[in-house]
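Have a look at the structure below, then the notes.
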Amino acid sequence: MTLREKLFSLNWLMVLVVAGLCAFGIAFQYSVNGGSWVGEAGEHAERIVLFFVVAVVLAFVPLRWWRAAAWPAYAVSLLMLVAVEVVGVTRMGAQRWLDLGIMTIQPSEIMKMALVLALADYFHRAIENGWKGFWLIVVVPLLVTLLPVALVFHQPNLGTGLLLLASGGALIFFAGLPWRYIVGALAVLVVATPLYVLYGMHDYQRDRVMTFINPDYDPQGEGYNIAQSKIAIGAGGFWGRGYLEGSQVQNDFLPEKQTDFIFAAVAEETGFPGAASIMALYAALLAMMVSLTLNARAAFARYAMAGITVMVATYVFINLGMVMGLMPVVGIPLPLVSFGGTAIMVILAGVAFALSVGLNRDKKL
């Protein structure tokens with residue numbers, strides 16, 4: 001297709017849905033910043049506009065280029081995770097960032113996309129070459145997944161580690177993992193989870209789990225965040241208190257309002273209509289991603305779309321769940337709405353890939 005034909009064929013509905021989520025993010029970063037563009041709100045707006053434009057441009061990159069970049073991206077991301085262990089920047093008690101001088105990045109976020117692309121390429125090759133057997137279809141991809149997961153857990157970063165595990169596990173499942181292995185893995189998970197909570201977690205992580213089980217466990221400590229989040233959501237009622245009028249938000253009672261608990265700010269100030277609107281945008285985005293997953297002709301595109309869809313869905317599910325008290329707090333941002341840099345870049349890279357699949361869904365690789 002010519003460039004003109006590609007422009008007309010681009011999934012503009014997906015572009016508009018993503019633009020709507022970005023607009024929500026910009027508007028509420030401004031709100032939680034006290035109605036000022038100085039500081040995080042201005043930074044967020046600049047980053048999201050820049051990355052959004054780059055994502056639309058990357059939509060026209062051929063799928064073979066994405067595939068060629070898969071393993072180099074995985075290798076570089078893995079090296080950066082190792083570098084974090086040696087020279088990483090520590091913030092809020094966790095060593096998760098690399099200072100590159102001109103910017104600070106979080107390699108674990110980049111690994112989310114790199115892992116999906118690498119496994120998608122692996123399973124594409126498995127189909128092309130007729131690879132079969134437990135070792136090639138399960139063990140090798142599992143090792144590719146568990147290596148970065150172990151490094152991320154060590155930072156510690158439980159939320160991102162779970163996201164990597166979910167994306168990698170989903171791709172192995174979609175590759176045709178027999179049910180006996182799935183049942184066995186679930187049995188191991190049931191046995192291992194309590195042991196990990198008791199002996200593998202850091203104290204603050206264990207306190208978060210205990211607070212989830214018993215909200216009164218530590219009301220002035222780990223339970224404070226979720227308690228204030230619930231108050232903010234309830235205070236909004238049906239119609240909300242009004243934009244820039246949320247008492248929990250504007251009086252700084254709501255913690256981590258720029259990042260983990262931004263949805264509580266949306267619910268307090270815009271009520272049910274605003275909260276439902278943002279959920280509807282995520283539902284529309286995920287529905288379009290599922291459609292692309294089912295209709296892509298190339299195995300690489302199908303597998304990568306499956307991984308990206310699971311990644312975005314897990315982001316949304318965990319964040320909304322923890323903000324409402326339905327899941328433990330694990331530090332997962334709300335995609336394109338929470339303040340961030342690397343996380344926004346990775347989500348929009350996933351959107352760019354989805355748009356590219358839409359343009360090339362009938363092509364083989």
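We label chains A, B, ... in the order they appear in the structure tokens, count residues from 1 in each chain, and number ligands from 1 in the order shown.
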**OP:** Excluding Val87 in chain A and any residue of its chain fewer than 6 positions from it, enumerate the residues within 9 Å of it, using only C-alpha atoms, and give them as a VMD selection string.
**Re:** chain A and resid 95 97 to 99
Original post:
Any idea what's packed within 10 Å of range 134-143 of chain A, counting only C-alpha atoms, ignoring anything in its chain fewer than 6 positions away? Could you give it as a ChimeraX atom specification?
Top reply: /A:115,118-120,122-123,126,149,165,168-169,171-173,175-178,181
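Shortest atom-to-atom contact with Tyr30 in chain A among A:Val18, A:Ala287, A:Leu50, A:Val337: A:Val337, counting only C-alpha atoms.
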Subject >> From A:Leu151, A:Leu117, A:Val330, A:Ala75, residue lying nearest Ala306 in chain A [only C-alpha atoms] >> reply: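 Of A:Leu151, A:Leu117, A:Val330, A:Ala75, the one nearest Ala306 in chain A is A:Leu117, counting only C-alpha atoms.
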**OP:** Rank A:Phe339, A:Met288, A:Pro62, A:Val351 by their smallest atom-to-atom distance to Gly42 in chain A, using only C-alpha atoms, and report the top residue only.
**Re:**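 Distance minimum relative to Gly42 in chain A lands on A:Phe339.
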**OP:** Rounded to one decimal place, report the CA of Glu40 in chain A-CA of Ile26 in chain A distance in Å.
**Re:** 10.2 Å
**OP:** Provide the CA of Asp260 in chain A to CA of Val84 in chain A distance in Å, to one decimal place.
**Re:**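 Interatomic distance here is 22.6 Å.
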**OP:** Measuring atom to atom with only C-alpha atoms, identify which of A:Asn11, A:Asn33, A:Asn157, A:Ser77 is nearest to Ala352 in chain A.
**Re:** A:Asn11
Subject >> DSSP alpha helix (DSSP H) residues within range 187-316 of chain A, listed as a ChimeraX atom specification >> reply: /A:187-195,203-213,222-236,247-250,262-295,299-316
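For the choices A:Leu7, A:Phe317, A:Thr104, A:Glu46, the atom-to-atom distance to Ala59 in chain A is smallest for A:Leu7 when using only C-alpha atoms.
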